[in-house]
>>> print(open('model_16.cif').read())   # mmCIF, C-alpha atoms, pLDDT in the B column; chains and numbers go by the auth columns
data_coords
loop_
_atom_site.group_PDB
_atom_site.id
_atom_site.type_symbol
_atom_site.label_atom_id
_atom_site.label_comp_id
_atom_site.label_asym_id
_atom_site.label_seq_id
_atom_site.Cartn_x
_atom_site.Cartn_y
_atom_site.Cartn_z
_atom_site.B_iso_or_equiv
_atom_site.auth_seq_id
_atom_site.auth_asym_id
ATOM 1 C CA MET A 1 142.621 125.813 78.326 65.00 117 A
ATOM 2 C CA GLN A 2 143.859 125.630 74.732 68.00 118 A
ATOM 3 C CA ILE A 3 143.659 121.818 74.808 71.00 119 A
ATOM 4 C CA LEU A 4 140.056 121.966 76.034 62.00 120 A
ATOM 5 C CA LEU A 5 139.168 124.416 73.283 62.00 121 A
ATOM 6 C CA ASN A 6 140.786 122.173 70.642 65.00 122 A
ATOM 7 C CA ILE A 7 138.835 119.153 71.907 65.00 123 A
ATOM 8 C CA LEU A 8 135.581 121.095 71.806 59.00 124 A
ATOM 9 C CA LEU A 9 136.304 122.343 68.296 60.00 125 A
ATOM 10 C CA MET A 10 137.094 118.822 67.070 61.00 126 A
ATOM 11 C CA ALA A 11 133.976 117.358 68.689 57.00 127 A
ATOM 12 C CA SER A 12 131.596 119.851 67.093 53.00 128 A
ATOM 13 C CA PRO A 13 130.271 119.189 63.610 58.00 129 A
ATOM 14 C CA GLU A 14 131.252 121.436 60.711 62.00 130 A
ATOM 15 C CA GLY A 15 129.711 124.878 60.944 62.00 131 A
ATOM 16 C CA SER A 16 128.420 124.635 64.518 77.00 132 A
ATOM 17 C CA SER A 17 129.662 126.882 67.278 82.00 133 A
ATOM 18 C CA PRO A 18 131.554 125.603 70.350 85.00 134 A
ATOM 19 C CA ILE A 19 129.911 128.298 72.502 90.00 135 A
ATOM 20 C CA PRO A 20 127.067 126.051 73.827 89.00 136 A
ATOM 21 C CA ASN A 21 129.641 123.453 74.883 90.00 137 A
ATOM 22 C CA LEU A 22 131.664 126.099 76.730 92.00 138 A
ATOM 23 C CA ILE A 23 128.520 127.404 78.456 94.00 139 A
ATOM 24 C CA PHE A 24 127.614 123.859 79.514 94.00 140 A
ATOM 25 C CA ILE A 25 131.079 123.214 80.962 95.00 141 A
ATOM 26 C CA GLY A 26 130.981 126.592 82.751 94.00 142 A
ATOM 27 C CA ALA A 27 127.563 125.761 84.229 94.00 143 A
ATOM 28 C CA ILE A 28 128.868 122.417 85.513 95.00 144 A
ATOM 29 C CA ILE A 29 131.836 124.143 87.178 95.00 145 A
ATOM 30 C CA ILE A 30 129.520 126.698 88.835 95.00 146 A
ATOM 31 C CA ILE A 31 127.188 123.945 90.077 95.00 147 A
ATOM 32 C CA PHE A 32 130.128 121.996 91.547 93.00 148 A
ATOM 33 C CA TYR A 33 131.364 125.126 93.289 94.00 149 A
ATOM 34 C CA PHE A 34 128.052 126.086 94.903 93.00 150 A
ATOM 35 C CA PHE A 35 126.859 122.598 95.831 94.00 151 A
ATOM 36 C CA MET A 36 130.103 120.836 96.756 94.00 152 A
ATOM 37 C CA ILE A 37 133.154 123.022 97.244 94.00 153 A
ATOM 38 C CA ARG A 38 131.683 126.085 98.981 95.00 154 A
ATOM 39 C CA PRO A 39 129.671 124.214 101.663 95.00 155 A
ATOM 40 C CA GLN A 40 132.680 122.037 102.459 94.00 156 A
ATOM 41 C CA THR A 41 134.963 125.039 102.972 95.00 157 A
ATOM 42 C CA GLN A 42 132.363 126.765 105.163 94.00 158 A
ATOM 43 C CA LYS A 43 132.050 123.655 107.322 92.00 159 A
ATOM 44 C CA ALA A 44 135.843 123.429 107.648 92.00 160 A
ATOM 45 C CA LYS A 45 136.036 127.094 108.719 93.00 161 A
ATOM 46 C CA LYS A 46 133.364 126.566 111.402 92.00 162 A
ATOM 47 C CA LEU A 47 135.149 123.494 112.752 90.00 163 A
ATOM 48 C CA LYS A 48 138.494 125.311 112.826 90.00 164 A
ATOM 49 C CA ALA A 49 136.948 128.259 114.694 91.00 165 A
ATOM 50 C CA TYR A 50 135.336 125.888 117.199 90.00 166 A
ATOM 51 C CA ARG A 51 138.612 124.057 117.819 90.00 167 A
ATOM 52 C CA GLU A 52 140.435 127.337 118.393 90.00 168 A
ATOM 53 C CA GLY A 53 137.780 128.484 120.872 91.00 169 A
ATOM 54 C CA ILE A 54 137.875 125.380 123.068 91.00 170 A
ATOM 55 C CA LYS A 55 138.367 126.154 126.758 91.00 171 A
ATOM 56 C CA LYS A 56 138.674 124.303 130.042 93.00 172 A
ATOM 57 C CA GLY A 57 135.418 122.749 131.214 91.00 173 A
ATOM 58 C CA ASP A 58 133.882 122.213 127.757 91.00 174 A
ATOM 59 C CA LYS A 59 132.382 118.805 127.081 93.00 175 A
ATOM 60 C CA ILE A 60 133.499 117.359 123.744 92.00 176 A
ATOM 61 C CA VAL A 61 133.242 114.325 121.495 92.00 177 A
ATOM 62 C CA THR A 62 136.325 113.175 119.585 91.00 178 A
ATOM 63 C CA ILE A 63 136.377 111.849 116.037 92.00 179 A
ATOM 64 C CA GLY A 64 136.716 108.365 117.515 91.00 180 A
ATOM 65 C CA GLY A 65 133.563 108.835 119.601 91.00 181 A
ATOM 66 C CA ILE A 66 135.199 109.397 122.997 92.00 182 A
ATOM 67 C CA HIS A 67 133.185 111.715 125.246 93.00 183 A
ATOM 68 C CA GLY A 68 135.065 113.803 127.771 93.00 184 A
ATOM 69 C CA LYS A 69 135.462 117.055 129.646 94.00 185 A
ATOM 70 C CA ILE A 70 138.448 119.282 128.951 94.00 186 A
ATOM 71 C CA GLU A 71 140.849 119.559 131.880 95.00 187 A
ATOM 72 C CA GLU A 72 143.729 121.431 130.243 94.00 188 A
ATOM 73 C CA VAL A 73 144.278 123.243 126.934 94.00 189 A
ATOM 74 C CA LYS A 74 147.702 123.555 125.285 92.00 190 A
ATOM 75 C CA ASP A 75 148.764 124.801 121.830 89.00 191 A
ATOM 76 C CA THR A 76 147.978 121.668 119.825 91.00 192 A
ATOM 77 C CA THR A 77 146.845 119.183 122.480 93.00 193 A
ATOM 78 C CA LEU A 78 144.130 118.789 125.082 93.00 194 A
ATOM 79 C CA ILE A 79 143.943 116.817 128.310 95.00 195 A
ATOM 80 C CA ILE A 80 140.444 115.420 128.722 95.00 196 A
ATOM 81 C CA SER A 81 138.853 113.558 131.586 95.00 197 A
ATOM 82 C CA VAL A 82 136.638 110.615 130.668 94.00 198 A
ATOM 83 C CA GLU A 83 134.350 108.433 132.773 92.00 199 A
ATOM 84 C CA GLY A 84 136.138 106.783 135.687 90.00 200 A
ATOM 85 C CA GLY A 85 138.531 109.701 136.126 89.00 201 A
ATOM 86 C CA THR A 86 140.866 108.587 133.352 94.00 202 A
ATOM 87 C CA ARG A 87 142.761 111.420 131.676 95.00 203 A
ATOM 88 C CA LEU A 88 143.624 111.302 127.985 95.00 204 A
ATOM 89 C CA LYS A 89 145.932 113.512 125.974 96.00 205 A
ATOM 90 C CA ILE A 90 144.519 114.156 122.486 94.00 206 A
ATOM 91 C CA GLU A 91 145.246 116.442 119.557 94.00 207 A
ATOM 92 C CA LYS A 92 142.940 119.405 119.007 92.00 208 A
ATOM 93 C CA SER A 93 142.374 118.133 115.481 91.00 209 A
ATOM 94 C CA ALA A 94 140.727 115.009 116.970 91.00 210 A
ATOM 95 C CA VAL A 95 137.821 117.033 118.390 91.00 211 A
ATOM 96 C CA SER A 96 134.681 116.428 116.387 86.00 212 A
ATOM 97 C CA MET A 97 132.011 118.498 118.132 78.00 213 A
ATOM 98 C CA GLU A 98 130.764 119.890 121.375 77.00 214 A
ATOM 99 C CA PHE A 99 128.979 117.288 123.482 75.00 215 A
ATOM 100 C CA SER A 100 125.871 119.414 124.018 69.00 216 A
ATOM 101 C CA ALA A 101 125.583 119.944 120.239 58.00 217 A
ATOM 102 C CA GLY A 102 125.487 116.177 119.777 52.00 218 A
ATOM 103 C CA GLN A 103 122.865 115.865 122.517 55.00 219 A
ATOM 104 C CA ASN A 104 120.690 118.516 120.889 53.00 220 A
ATOM 105 C CA ALA A 105 120.854 116.767 117.520 50.00 221 A
ATOM 106 C CA GLU A 106 119.917 113.427 119.105 49.00 222 A
ATOM 107 C CA GLY A 107 117.060 115.026 121.050 47.00 223 A
ATOM 108 C CA GLU A 108 115.645 116.678 117.946 46.00 224 A
ATOM 109 C CA LEU A 109 115.830 113.395 116.050 38.00 225 A
ATOM 110 C CA ALA A 110 114.080 111.546 118.857 38.00 226 A
ATOM 111 C CA LYS A 111 111.202 114.079 118.945 40.00 227 A
ATOM 112 C CA THR A 112 110.405 113.778 115.242 35.00 228 A
#
>>> encode(input="model_16.cif", output="structure tokens")
Amino acid sequence: MQILLNILLMASPEGSSPIPNLIFIGAIIIIFYFFMIRPQTQKAKKLKAYREGIKKGDKIVTIGGIHGKIEEVKDTTLIISVEGGTRLKIEKSAVSMEFSAGQNAEGELAKT
């Protein structure tokens, strides 16, 4: 903080106050927090809560775009069944969203 204050003091002309510069930097930090950091953390919390609430029978989409139905839930992994009866073992962290949520978003986009 002292280094930042020294830079601001050196950059300001003789007799002017560094207060406006500090207010400007503070405003930029607040804007970054409310428009970038806070929404990202809220989205991460929602995704974490969804992944923890996954149960057998849910239809999901993985990060890689694989659609499947959950057959078995373990601590950190899932067994999903995909088309053709193939079973895949995936990490819970690879789940992107619920399948019906993706269908709703596509349906709403198609209607507009």
>>> resolve_selection(input="model_16.cif", expression="the PyMOL selection byres ((chain A and resi 166-179) around 10)", output="PyMOL selection string")
chain A and resi 160-165+180-192+194-198+206-218
>>> atom_distance(input="model_16.cif", atom1="atom CA of A:Leu204", atom2="atom CA of A:Lys159")
26.7 Å
>>> atom_distance(input="model_16.cif", atom1="atom CA of A:Met152", atom2="atom CA of A:Asn137")
22.0 Å
>>> axis_aligned_box(input="model_16.cif", around="stretch 159-163 of chain A", padding_each_side="4 Å", output="AutoDock Vina command-line options")
--center_x 134.0 --center_y 125.3 --center_z 110.0 --size_x 12.0 --size_y 11.7 --size_z 13.4
>>> atom_distance(input="model_16.cif", atom1="atom CA of A:Pro134", atom2="atom CA of A:Ile147")
20.3 Å
